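J.: For reference, the file input14.cif (mmCIF, C-alpha atoms and all ligand atoms) is included below:
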```cif
data_my_file
#
loop_
_atom_site.label_atom_id
_atom_site.label_comp_id
_atom_site.auth_asym_id
_atom_site.auth_seq_id
_atom_site.Cartn_x
_atom_site.Cartn_y
_atom_site.Cartn_z
CA MET A 4 106.83 109.06 101.14
CA GLN A 5 106.19 112.02 98.87
CA LEU A 6 104.74 111.85 95.40
CA HIS A 7 106.22 114.35 93.03
CA VAL A 8 104.05 116.86 91.24
CA LEU A 9 104.10 115.58 87.70
CA THR A 10 106.77 113.10 86.84
CA GLU A 11 108.42 113.49 83.46
CA TYR A 12 106.71 110.28 82.36
CA GLU A 13 103.33 111.64 83.40
CA LYS A 14 103.93 114.91 81.56
CA ASP A 15 104.68 112.97 78.39
CA HIS A 16 101.55 110.84 78.75
CA ILE A 17 99.02 113.26 80.19
CA GLY A 18 97.10 113.46 76.94
CA GLU A 19 96.21 109.77 77.34
CA ARG A 20 93.61 110.71 79.93
CA GLN A 21 90.73 112.78 78.69
CA ALA A 22 92.26 114.36 75.61
CA LEU A 23 93.36 117.96 76.08
CA PRO A 24 94.01 120.63 73.47
CA GLU A 25 97.65 120.77 72.45
CA GLN A 26 98.26 124.09 74.19
CA TYR A 27 97.51 122.50 77.58
CA LEU A 28 100.24 119.88 77.24
CA GLY A 29 103.89 120.31 78.11
CA LEU A 30 103.40 123.33 80.38
CA SER A 31 105.84 123.90 83.23
CA ASP A 32 104.58 123.47 86.82
CA GLN A 33 105.23 127.16 87.38
CA GLU A 34 103.21 128.27 84.36
CA MET A 35 100.27 126.04 85.32
CA ASP A 36 100.28 127.38 88.88
CA THR A 37 100.37 130.98 87.71
CA ARG A 38 97.64 130.55 85.11
CA ILE A 39 95.32 128.53 87.40
CA ALA A 40 95.66 131.16 90.12
CA ALA A 41 94.99 133.96 87.62
CA ALA A 42 91.89 132.23 86.21
CA ARG A 43 90.60 131.52 89.73
CA ALA A 44 91.05 135.17 90.67
CA GLU A 45 89.31 136.43 87.53
CA LEU A 46 86.35 134.10 87.97
CA GLY A 47 86.07 135.17 91.61
CA ARG A 48 82.92 134.01 93.37
CA ARG A 49 81.37 132.77 90.10
CA VAL A 50 83.28 129.53 90.69
CA VAL A 51 83.82 127.24 93.63
CA VAL A 52 86.53 124.58 93.49
CA LEU A 53 86.00 121.46 95.60
CA GLY A 54 88.88 119.10 96.40
CA HIS A 55 88.48 115.58 97.77
CA HIS A 56 90.88 114.43 100.50
CA TYR A 57 92.48 111.94 98.07
CA GLN A 58 93.17 114.59 95.45
CA ARG A 59 96.77 115.33 94.49
CA ASP A 60 98.51 118.30 96.15
CA GLU A 61 99.05 120.41 93.04
CA VAL A 62 95.29 120.39 92.39
CA ILE A 63 93.86 120.49 95.93
CA LYS A 64 95.86 123.61 96.77
CA PHE A 65 93.41 125.54 94.57
CA ALA A 66 90.32 124.18 96.36
CA ASP A 67 87.96 126.47 98.29
CA PHE A 68 86.74 123.46 100.25
CA THR A 69 88.39 120.13 101.02
CA GLY A 70 86.69 117.12 102.55
CA ASP A 71 85.02 113.78 101.86
CA SER A 72 82.38 113.46 99.16
CA LEU A 73 79.40 114.31 101.36
CA LYS A 74 81.06 117.23 103.09
CA LEU A 75 81.94 118.66 99.68
CA ALA A 76 78.46 118.14 98.25
CA ARG A 77 77.08 119.97 101.28
CA ALA A 78 79.61 122.80 100.92
CA ILE A 79 77.87 123.81 97.70
CA SER A 80 74.88 125.22 99.60
CA THR A 81 77.23 127.66 101.34
CA ARG A 82 78.29 129.13 97.99
CA ALA A 83 75.06 130.20 96.36
CA THR A 84 76.97 132.85 94.38
CA ALA A 85 78.92 130.16 92.55
CA GLU A 86 77.57 129.55 89.09
CA PHE A 87 80.12 126.81 88.44
CA ILE A 88 81.11 124.00 90.79
CA VAL A 89 84.41 122.47 89.72
CA PHE A 90 84.58 119.13 91.50
CA CYS A 91 88.15 117.83 91.76
CA GLY A 92 87.15 114.31 92.65
CA VAL A 93 85.61 111.40 90.76
CA HIS A 94 82.46 110.97 88.70
CA PHE A 95 79.99 109.77 91.38
CA MET A 96 80.93 112.76 93.56
CA ALA A 97 80.15 115.20 90.77
CA GLU A 98 76.82 113.40 90.23
CA SER A 99 75.96 113.79 93.93
CA ALA A 100 76.83 117.48 93.67
CA ASP A 101 74.54 117.79 90.64
CA ILE A 102 71.71 116.16 92.61
CA LEU A 103 72.18 118.56 95.55
CA ARG A 104 73.04 121.80 93.66
CA ALA A 105 70.83 124.88 93.33
CA PRO A 106 68.97 125.29 90.00
CA HIS A 107 71.29 128.03 88.68
CA GLN A 108 74.50 126.03 89.30
CA LYS A 109 76.46 123.77 86.96
CA VAL A 110 78.76 120.97 88.07
CA ILE A 111 82.00 120.25 86.21
CA LEU A 112 84.39 117.29 86.50
CA PRO A 113 87.84 118.32 85.16
CA ASP A 114 88.59 114.89 83.65
CA LEU A 115 85.68 112.69 82.54
CA ALA A 116 87.97 109.66 82.83
CA ALA A 117 88.09 110.15 86.62
CA GLY A 118 85.72 107.36 87.63
CA CYS A 119 85.68 105.07 90.66
CA SER A 120 86.33 101.37 90.22
CA MET A 121 84.13 100.58 93.22
CA ALA A 122 81.16 102.62 91.95
CA ASP A 123 81.52 100.82 88.61
CA MET A 124 81.00 97.45 90.35
CA ALA A 125 77.25 98.00 90.75
CA ALA A 126 74.82 98.95 87.99
CA SER A 127 71.08 99.52 88.21
CA ASP A 128 70.29 96.75 85.70
CA GLN A 129 72.25 94.31 87.90
CA LEU A 130 70.10 95.41 90.81
CA GLU A 131 66.91 94.84 88.81
CA THR A 132 68.17 91.31 88.08
CA ALA A 133 69.08 90.75 91.73
CA TRP A 134 65.59 91.74 92.88
CA ARG A 135 64.00 89.39 90.32
CA GLU A 136 66.28 86.50 91.27
CA LEU A 137 65.75 87.00 95.00
CA GLU A 138 61.98 86.84 94.40
CA ASP A 139 62.53 83.62 92.40
CA MET A 140 64.35 82.19 95.40
CA GLY A 141 61.40 82.92 97.66
CA VAL A 142 62.81 86.03 99.34
CA ASP A 143 60.24 88.77 99.87
CA THR A 144 62.00 91.79 98.35
CA ALA A 145 59.58 94.12 100.15
CA SER A 146 61.54 93.18 103.28
CA ILE A 147 64.90 94.13 101.77
CA ILE A 148 66.14 97.66 102.45
CA PRO A 149 68.90 98.55 100.00
CA VAL A 150 71.64 100.74 101.47
CA THR A 151 74.08 102.21 99.01
CA TYR A 152 77.40 103.74 99.92
CA ILE A 153 77.66 107.28 98.54
CA ASN A 154 80.41 105.83 96.30
CA SER A 155 77.86 104.66 93.73
CA SER A 156 76.36 105.96 90.52
CA ALA A 157 73.27 108.19 90.42
CA ASP A 158 71.41 105.32 88.70
CA VAL A 159 72.12 103.00 91.63
CA LYS A 160 71.08 105.68 94.13
CA ALA A 161 67.87 106.13 92.15
CA PHE A 162 67.09 102.37 92.32
CA VAL A 163 67.75 102.46 96.06
CA GLY A 164 65.57 105.56 96.53
CA GLU A 165 62.73 103.96 94.59
CA HIS A 166 62.90 100.80 96.72
CA GLY A 167 62.66 102.52 100.10
CA GLY A 168 66.41 102.51 100.65
CA VAL A 169 68.97 105.01 101.70
CA VAL A 170 72.49 106.30 101.03
CA CYS A 171 75.26 106.00 103.63
CA THR A 172 78.78 107.28 104.07
CA SER A 173 81.66 105.63 105.90
CA THR A 174 80.92 107.98 108.81
CA ASN A 175 77.25 107.12 109.27
CA ALA A 176 77.05 103.53 107.94
CA ALA A 177 76.17 102.05 111.37
CA ALA A 178 73.40 104.61 112.06
CA VAL A 179 71.99 104.08 108.58
CA MET A 180 72.02 100.27 108.88
CA LYS A 181 70.32 100.52 112.29
CA TRP A 182 67.64 102.73 110.71
CA ALA A 183 67.20 100.19 107.91
CA TRP A 184 66.81 97.21 110.24
CA GLU A 185 64.22 99.12 112.24
CA ARG A 186 61.92 99.71 109.24
CA PRO A 187 58.54 98.10 109.82
CA ARG A 188 58.11 95.21 107.39
CA SER A 189 55.93 92.10 107.45
CA GLY A 190 58.95 89.80 107.82
CA GLU A 191 62.46 90.21 109.22
CA VAL A 192 64.25 93.04 107.44
CA LYS A 193 67.28 92.19 105.35
CA VAL A 194 69.73 94.91 104.44
CA MET A 195 71.45 94.80 101.08
CA MET A 196 74.64 96.85 101.30
CA LEU A 197 76.29 97.99 98.08
CA PRO A 198 78.61 98.41 96.31
CA ASP A 199 81.30 97.89 99.00
CA GLN A 200 81.17 94.50 100.71
CA HIS A 201 83.94 95.52 103.13
CA LEU A 202 82.25 98.63 104.50
CA GLY A 203 79.12 96.48 104.91
CA ARG A 204 80.91 93.58 106.59
CA ASN A 205 82.99 95.79 108.89
CA THR A 206 79.96 97.79 109.94
CA GLY A 207 77.78 94.71 110.42
CA TRP A 208 80.52 93.01 112.44
CA LYS A 209 80.90 96.05 114.71
CA MET A 210 77.12 96.06 115.19
CA GLY A 211 77.18 92.42 116.28
CA VAL A 212 75.78 90.75 113.16
CA PRO A 213 77.22 87.20 113.08
CA LEU A 214 79.38 86.51 110.01
CA ASP A 215 77.24 83.47 109.19
CA ARG A 216 74.25 85.78 108.73
CA MET A 217 76.11 87.79 106.09
CA VAL A 218 76.21 86.55 102.52
CA VAL A 219 77.93 87.93 99.43
CA TRP A 220 75.85 88.66 96.34
CA ASP A 221 77.98 88.26 93.21
CA PRO A 222 76.25 90.12 90.35
CA HIS A 223 78.21 88.07 87.81
CA GLU A 224 76.81 84.75 89.06
CA THR A 225 73.32 83.38 88.52
CA ARG A 226 71.22 84.18 91.60
CA GLY A 227 74.22 86.00 93.03
CA GLY A 228 75.97 82.66 93.54
CA LEU A 229 73.63 81.86 96.48
CA THR A 230 71.26 79.04 97.28
CA PRO A 231 67.68 79.89 98.34
CA ALA A 232 68.54 78.75 101.89
CA GLN A 233 71.56 81.07 102.08
CA ALA A 234 69.55 84.00 100.75
CA SER A 235 66.65 83.35 103.15
CA GLN A 236 68.70 83.15 106.34
CA ALA A 237 70.79 86.27 105.58
CA LYS A 238 70.38 89.40 107.65
CA LEU A 239 72.95 91.31 105.63
CA ILE A 240 73.46 90.81 101.89
CA LEU A 241 76.81 92.23 100.80
CA TRP A 242 77.23 93.25 97.17
CA LYS A 243 80.47 91.89 95.76
CA GLY A 244 82.27 95.19 95.24
CA HIS A 245 85.43 96.62 96.71
CA CYS A 246 87.84 99.54 96.59
CA SER A 247 91.00 98.62 94.71
CA VAL A 248 92.98 101.08 96.84
CA HIS A 249 91.91 100.02 100.34
CA THR A 250 91.99 96.28 99.69
CA ARG A 251 95.74 96.49 99.09
CA PHE A 252 96.39 96.77 102.83
CA ASN A 253 96.99 93.52 104.69
CA VAL A 254 97.72 92.09 108.13
CA ALA A 255 101.37 91.30 107.27
CA GLN A 256 101.93 95.05 106.80
CA ILE A 257 100.45 95.68 110.27
CA GLU A 258 102.74 93.04 111.79
CA ALA A 259 105.79 94.56 110.08
CA PHE A 260 104.85 98.05 111.32
CA ARG A 261 104.36 96.84 114.89
CA LYS A 262 107.73 95.12 114.84
CA LYS A 263 109.40 98.37 113.81
CA TYR A 264 107.28 100.68 116.00
CA PRO A 265 106.06 98.68 119.04
CA ASP A 266 104.31 101.78 120.45
CA GLY A 267 102.82 102.84 117.12
CA GLN A 268 99.13 102.73 116.29
CA VAL A 269 97.38 101.52 113.17
CA ILE A 270 94.28 103.30 111.90
CA ALA A 271 92.34 101.85 108.96
CA HIS A 272 89.52 102.99 106.71
CA PRO A 273 86.46 100.64 106.76
CA GLU A 274 86.87 99.97 103.03
CA CYS A 275 89.79 97.75 104.12
CA THR A 276 89.15 94.04 104.59
CA LEU A 277 87.75 92.74 107.90
CA ASP A 278 91.02 91.12 109.03
CA VAL A 279 92.85 94.44 108.58
CA VAL A 280 90.16 96.36 110.47
CA GLN A 281 90.18 93.75 113.25
CA ALA A 282 93.98 93.90 113.53
CA ALA A 283 94.10 97.74 113.48
CA ASP A 284 93.90 99.78 116.68
CA LEU A 285 91.24 102.09 115.25
CA SER A 286 89.10 102.29 112.16
CA GLY A 287 86.85 104.94 110.68
CA SER A 288 86.13 107.34 107.85
CA THR A 289 88.63 109.82 106.42
CA GLU A 290 87.25 112.53 108.70
CA PHE A 291 87.61 110.16 111.71
CA ILE A 292 91.21 109.37 110.70
CA ILE A 293 92.12 113.06 110.36
CA ASP A 294 90.55 113.85 113.73
CA ALA A 295 92.21 110.95 115.57
CA VAL A 296 95.69 111.75 114.26
CA LYS A 297 95.25 115.49 114.80
CA LYS A 298 94.17 115.01 118.42
CA SER A 299 96.91 112.51 119.26
CA PRO A 300 99.80 113.62 121.49
CA LYS A 301 102.95 114.98 119.84
CA GLY A 302 105.49 112.30 119.11
CA THR A 303 102.87 109.61 118.47
CA VAL A 304 103.54 107.17 115.63
CA TRP A 305 100.76 106.21 113.19
CA ALA A 306 100.45 103.84 110.28
CA VAL A 307 97.44 104.88 108.21
CA ALA A 308 95.56 102.54 105.89
CA THR A 309 94.00 104.89 103.38
CA GLU A 310 94.83 106.76 100.17
CA VAL A 311 98.41 108.03 100.11
CA HIS A 312 97.72 111.70 99.34
CA LEU A 313 95.69 112.02 102.53
CA VAL A 314 98.39 110.19 104.50
CA ASN A 315 101.06 112.55 103.15
CA ARG A 316 99.03 115.62 104.05
CA LEU A 317 98.47 114.23 107.56
CA ALA A 318 102.23 113.86 107.89
CA THR A 319 103.23 117.22 106.48
CA GLN A 320 100.36 119.59 107.25
CA VAL A 321 97.82 118.23 109.73
CA ALA A 322 100.06 116.54 112.29
CA PRO A 323 103.69 117.40 111.52
CA ASP A 324 104.77 116.70 115.12
CA ARG A 325 103.76 113.05 114.85
CA THR A 326 105.25 110.34 112.70
CA VAL A 327 102.60 109.43 110.13
CA ILE A 328 103.33 106.82 107.47
CA THR A 329 101.29 104.83 105.02
CA LEU A 330 100.68 101.23 106.09
CA ASP A 331 101.58 100.03 102.60
CA PRO A 332 105.25 100.86 102.00
CA PHE A 333 104.52 101.29 98.30
CA GLY A 334 101.73 103.79 98.98
CA CYS A 335 98.16 103.17 97.87
CA LEU A 336 97.17 105.67 95.22
CA CYS A 337 93.65 106.23 93.87
CA SER A 338 94.67 106.25 90.23
CA THR A 339 91.32 107.53 88.97
CA MET A 340 91.31 110.50 91.37
CA PHE A 341 94.88 111.14 90.18
CA ARG A 342 93.59 111.68 86.65
CA VAL A 343 92.43 115.16 87.57
CA SER A 344 95.64 116.94 86.66
CA PRO A 345 96.49 120.63 86.99
CA ASN A 346 96.41 120.72 83.17
CA HIS A 347 92.75 119.64 83.20
CA LEU A 348 91.89 122.14 85.93
CA LEU A 349 93.52 124.93 83.94
CA TRP A 350 91.67 123.94 80.77
CA ILE A 351 88.35 124.01 82.64
CA LEU A 352 88.94 127.39 84.31
CA GLU A 353 90.28 129.15 81.21
CA GLY A 354 87.36 127.65 79.25
CA LEU A 355 84.92 129.27 81.68
CA LEU A 356 86.64 132.62 81.21
CA GLU A 357 86.10 132.21 77.46
CA GLY A 358 82.43 131.30 78.01
CA ARG A 359 82.93 127.58 77.31
CA ILE A 360 81.74 124.90 79.74
CA HIS A 361 83.68 121.67 79.36
CA ASN A 362 82.68 118.42 81.11
CA GLN A 363 79.40 119.44 82.70
CA ILE A 364 77.87 116.55 84.69
CA VAL A 365 74.11 116.36 84.26
CA VAL A 366 72.02 113.73 86.04
CA PRO A 367 68.65 113.22 84.25
CA ASP A 368 65.69 114.71 86.16
CA GLU A 369 63.88 111.46 87.03
CA THR A 370 67.11 109.79 88.19
CA LYS A 371 67.83 112.89 90.25
CA ARG A 372 64.38 112.84 91.88
CA LEU A 373 64.67 109.19 92.94
CA ALA A 374 68.32 109.44 94.01
CA LYS A 375 67.47 112.49 96.11
CA LEU A 376 64.91 110.38 98.03
CA ALA A 377 67.75 108.10 99.14
CA LEU A 378 70.05 111.02 99.96
CA ASP A 379 67.34 112.90 101.87
CA ARG A 380 66.54 109.80 103.95
CA MET A 381 70.18 109.67 104.98
CA LEU A 382 70.24 113.35 105.90
CA GLU A 383 67.27 112.78 108.24
CA ILE A 384 69.09 110.04 110.18
CA HIS A 385 71.12 111.25 113.16
FE1 LIG B 401 86.77 104.80 94.45
FE2 LIG B 401 88.53 103.61 96.08
FE3 LIG B 401 89.30 105.73 94.62
FE4 LIG B 401 87.59 106.04 96.68
S1 LIG B 401 89.73 105.38 96.78
S2 LIG B 401 87.38 106.95 94.64
S3 LIG B 401 86.39 104.10 96.54
S4 LIG B 401 88.63 103.69 93.82
#
```
For this file, write the structure as structure tokens.
Ligand code: SF4

T.:
Amino acid sequence: MQLHVLTEYEKDHIGERQALPEQYLGLSDQEMDTRIAAARAELGRRVVVLGHHYQRDEVIKFADFTGDSLKLARAISTRATAEFIVFCGVHFMAESADILRAPHQKVILPDLAAGCSMADMAASDQLETAWRELEDMGVDTASIIPVTYINSSADVKAFVGEHGGVVCTSTNAAAVMKWAWERPRSGEVKVMMLPDQHLGRNTGWKMGVPLDRMVVWDPHETRGGLTPAQASQAKLILWKGHCSVHTRFNVAQIEAFRKKYPDGQVIAHPECTLDVVQAADLSGSTEFIIDAVKKSPKGTVWAVATEVHLVNRLATQVAPDRTVITLDPFGCLCSTMFRVSPNHLLWILEGLLEGRIHNQIVVPDETKRLAKLALDRMLEIH
């Protein structure tokens, strides 16, 4: 399945995202391409454009680096000449880039409306409440190590950093959880995994944590919706958050695929639900998925349970000699990532040429210091 560049409907409604000046609306695809390329060339090494794997084709083709959020944040250090980092991704990624950037660099998000519904499911004030309520229930919070997925706000990372916790990615979640459980504490260590319950559950399950020692903390319920006994016996506390893209995949889709392609393989991202991950042949991060499909023999058939732009690029560019389809026949699109349009990218780049910085992402210094503690702890874990 291919998604077209900008549908006519989208062109008519593009101004409903972050508002753009009139002159950036209604441009032809050709004109946008030409002007973006010209602005990129004129800015030269003063700018670096980063494109997340889930980013749309007509934007990612201008990226200097493509990858997952951590790989992109790390790419910044290889471009010290770049004064401006244009992050074609979502808000939490730009925040991570701002935390890890050099002092002379500025991070820009082309559309401020490009958020992440999962990151929005955990807030630092909800965590403060959770800590207080867990104490009320007799749980020693000094024995809880918070682990936050990189898909979280800088505020949440700062809370985690301040409380001895750590950031993880979908690639290193198991190594990070192992590190957390091995921290010396007076009682048995509990890990609180946030904001994605599914990455936490899938990782815990693969590490042999029994499902009855995992509980779900619902930030919208008093005391997370748990009894003191449930909270006390838990080894893994899963924050009730999820990715609206990856939770669309289901086991019925896997069964339908296997019926059609008995020799085909299913590979799923760990943000999918546990039953999907259990039913799939393989599961892992976006980088793992790319690698597995790329290394598979020619002629192999794959159903991939992740964002549709990545699946399409696997099919057309990375592994064109295999059959690669999305597990969901309707294609799972990250609609917030999709908000970064070529129009927004053009507006940003031409603004820089005129000496105007639109949409700079600035994480406050103290938040940055604490969040960096959690990021640095992760970088030390092998
Ligand atoms: Fe967030 Fe899911 Fe989109 Fe990733 S795919 S940015 S987790 S909403």

J.: At a cut-off of 10 Å, can you tabulate as a Markdown table every residue of chain A near ligand LIG 401 (chain B) together with its closest atom pair and the distance in Å to one decimal, using all atoms listed in the file and ordering rows by chain then number?

T.:
```
| residue | atom | partner | partner_atom | distance |
| --- | --- | --- | --- | --- |
| A:His55 | CA | B:LIG401 | S2 | 9.2 |
| A:His56 | CA | B:LIG401 | FE4 | 9.8 |
| A:Tyr57 | CA | B:LIG401 | S1 | 7.2 |
| A:Gln58 | CA | B:LIG401 | S2 | 9.6 |
| A:Asp71 | CA | B:LIG401 | FE4 | 9.7 |
| A:Ser72 | CA | B:LIG401 | S2 | 9.4 |
| A:Gly92 | CA | B:LIG401 | S2 | 7.6 |
| A:Val93 | CA | B:LIG401 | S2 | 6.2 |
| A:His94 | CA | B:LIG401 | S2 | 8.7 |
| A:Phe95 | CA | B:LIG401 | S2 | 8.6 |
| A:Met96 | CA | B:LIG401 | S2 | 8.7 |
| A:Ala117 | CA | B:LIG401 | S2 | 8.7 |
| A:Gly118 | CA | B:LIG401 | S2 | 7.2 |
| A:Cys119 | CA | B:LIG401 | FE1 | 4.0 |
| A:Ser120 | CA | B:LIG401 | S4 | 4.9 |
| A:Met121 | CA | B:LIG401 | FE1 | 5.1 |
| A:Ala122 | CA | B:LIG401 | FE1 | 6.5 |
| A:Asp123 | CA | B:LIG401 | FE1 | 8.8 |
| A:Tyr152 | CA | B:LIG401 | S3 | 9.6 |
| A:Ile153 | CA | B:LIG401 | S3 | 9.5 |
| A:Asn154 | CA | B:LIG401 | S3 | 6.2 |
| A:Ser155 | CA | B:LIG401 | FE1 | 8.9 |
| A:Pro198 | CA | B:LIG401 | S3 | 9.6 |
| A:Asp199 | CA | B:LIG401 | S3 | 8.4 |
| A:Gly244 | CA | B:LIG401 | S3 | 9.9 |
| A:His245 | CA | B:LIG401 | S3 | 7.5 |
| A:Cys246 | CA | B:LIG401 | FE2 | 4.2 |
| A:Ser247 | CA | B:LIG401 | S4 | 5.7 |
| A:Val248 | CA | B:LIG401 | FE2 | 5.2 |
| A:His249 | CA | B:LIG401 | FE2 | 6.5 |
| A:Thr250 | CA | B:LIG401 | FE2 | 8.9 |
| A:Glu274 | CA | B:LIG401 | S3 | 7.7 |
| A:Thr309 | CA | B:LIG401 | S1 | 7.9 |
| A:Glu310 | CA | B:LIG401 | S1 | 6.3 |
| A:Val311 | CA | B:LIG401 | S1 | 9.7 |
| A:Cys335 | CA | B:LIG401 | S1 | 8.8 |
| A:Leu336 | CA | B:LIG401 | S1 | 7.6 |
| A:Cys337 | CA | B:LIG401 | FE3 | 4.4 |
| A:Ser338 | CA | B:LIG401 | FE3 | 7.0 |
| A:Thr339 | CA | B:LIG401 | FE3 | 6.3 |
| A:Met340 | CA | B:LIG401 | FE3 | 6.1 |
| A:Phe341 | CA | B:LIG401 | FE3 | 9.0 |
```

J.: Given only C-alpha atoms as the basis, pick out the residue of A:Trp305, A:Pro332, A:Leu313, A:Thr174 nearest to Gly287 of chain A.

T.: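 Smallest separation from Gly287 of chain A among the options: A:Thr174.
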
J.: Which residues of segment 86-186 of chain A come within 8 Å of segment 222-231 of chain A, and what is each one's closest atom pair and distance in Å (one decimal), counting all atoms listed in the file, sorted by chain and residue number, as JSON lines?

T.:
```
{"residue": "A:Ala125", "atom": "CA", "partner": "A:Pro222", "partner_atom": "CA", "distance": 8.0}
{"residue": "A:Gln129", "atom": "CA", "partner": "A:Pro222", "partner_atom": "CA", "distance": 6.3}
{"residue": "A:Ala133", "atom": "CA", "partner": "A:Arg226", "partner_atom": "CA", "distance": 6.9}
{"residue": "A:Glu136", "atom": "CA", "partner": "A:Arg226", "partner_atom": "CA", "distance": 5.5}
{"residue": "A:Leu137", "atom": "CA", "partner": "A:Arg226", "partner_atom": "CA", "distance": 7.0}
{"residue": "A:Met140", "atom": "CA", "partner": "A:Pro231", "partner_atom": "CA", "distance": 5.0}
{"residue": "A:Gly141", "atom": "CA", "partner": "A:Pro231", "partner_atom": "CA", "distance": 7.0}
{"residue": "A:Val142", "atom": "CA", "partner": "A:Pro231", "partner_atom": "CA", "distance": 7.9}
```

J.: Applying 6 Å and all atoms listed in the file, which residues near segment 47-51 of chain A remain after dropping the ones on its own chain fewer than 4 positions away? List them as a list in words.

T.: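 With the cut-off at 6 Å, the set is Ala85, Glu86, Phe87 and Ile88 of chain A.
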
J.: Keeping only C-alpha atoms, take the residues you just selected and write them out as a PDB file, keeping the file's coordinate frame.

T.:
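The resulting again.pdb:
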```pdb
ATOM      1  CA  ALA A  85      78.920 130.160  92.550  1.00  0.00           C
ATOM      2  CA  GLU A  86      77.570 129.550  89.090  1.00  0.00           C
ATOM      3  CA  PHE A  87      80.120 126.810  88.440  1.00  0.00           C
ATOM      4  CA  ILE A  88      81.110 124.000  90.790  1.00  0.00           C
TER       5      ILE A  88
END
```

J.: In Å, how far is it from atom CA of Ser127 of chain A to atom CA of Ala157 of chain A?

T.: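 A separation of 9.2 Å between them.
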
J.: Which residues are close to Pro149 of chain A, i.e. within 9 Å by only C-alpha atoms, leaving aside same-chain residues fewer than 3 positions away? Reply as a list of chain:residue names.

T.: A:Phe162, A:Val163, A:Gly164, A:His166, A:Gly167, A:Gly168, A:Val169, A:Val170, A:Ala183, A:Lys193, A:Val194, A:Met195, A:Met196, A:Leu197

J.: Could you add the missing atoms to segment 315-326 of chain A, up to N, CA and C atoms, and return them as an mmCIF file, in the coordinates of the input?

T.:
```
data_model
loop_
_atom_site.group_PDB
_atom_site.id
_atom_site.type_symbol
_atom_site.label_atom_id
_atom_site.label_comp_id
_atom_site.auth_asym_id
_atom_site.auth_seq_id
_atom_site.Cartn_x
_atom_site.Cartn_y
_atom_site.Cartn_z
ATOM 1 N N ASN A 315 99.967 111.585 103.262
ATOM 2 C CA ASN A 315 101.060 112.550 103.150
ATOM 3 C C ASN A 315 100.690 113.905 103.729
ATOM 4 N N ARG A 316 99.440 114.307 103.506
ATOM 5 C CA ARG A 316 99.030 115.620 104.050
ATOM 6 C C ARG A 316 98.915 115.560 105.566
ATOM 7 N N LEU A 317 98.500 114.397 106.097
ATOM 8 C CA LEU A 317 98.470 114.230 107.560
ATOM 9 C C LEU A 317 99.887 114.429 108.107
ATOM 10 N N ALA A 318 100.845 113.821 107.424
ATOM 11 C CA ALA A 318 102.230 113.860 107.890
ATOM 12 C C ALA A 318 102.831 115.254 107.799
ATOM 13 N N THR A 319 102.526 115.950 106.712
ATOM 14 C CA THR A 319 103.230 117.220 106.480
ATOM 15 C C THR A 319 102.459 118.444 106.958
ATOM 16 N N GLN A 320 101.133 118.373 106.937
ATOM 17 C CA GLN A 320 100.360 119.590 107.250
ATOM 18 C C GLN A 320 99.511 119.470 108.510
ATOM 19 N N VAL A 321 98.793 118.339 108.632
ATOM 20 C CA VAL A 321 97.820 118.230 109.730
ATOM 21 C C VAL A 321 98.504 117.907 111.054
ATOM 22 N N ALA A 322 99.436 116.981 111.029
ATOM 23 C CA ALA A 322 100.060 116.540 112.290
ATOM 24 C C ALA A 322 101.568 116.401 112.115
ATOM 25 N N PRO A 323 102.248 117.504 111.814
ATOM 26 C CA PRO A 323 103.690 117.400 111.520
ATOM 27 C C PRO A 323 104.540 116.984 112.718
ATOM 28 N N ASP A 324 103.987 117.095 113.936
ATOM 29 C CA ASP A 324 104.770 116.700 115.120
ATOM 30 C C ASP A 324 104.587 115.229 115.483
ATOM 31 N N ARG A 325 103.890 114.501 114.655
ATOM 32 C CA ARG A 325 103.760 113.050 114.850
ATOM 33 C C ARG A 325 104.483 112.377 113.676
ATOM 34 N N THR A 326 104.722 111.095 113.843
ATOM 35 C CA THR A 326 105.250 110.340 112.700
ATOM 36 C C THR A 326 104.059 109.646 112.048
#
```
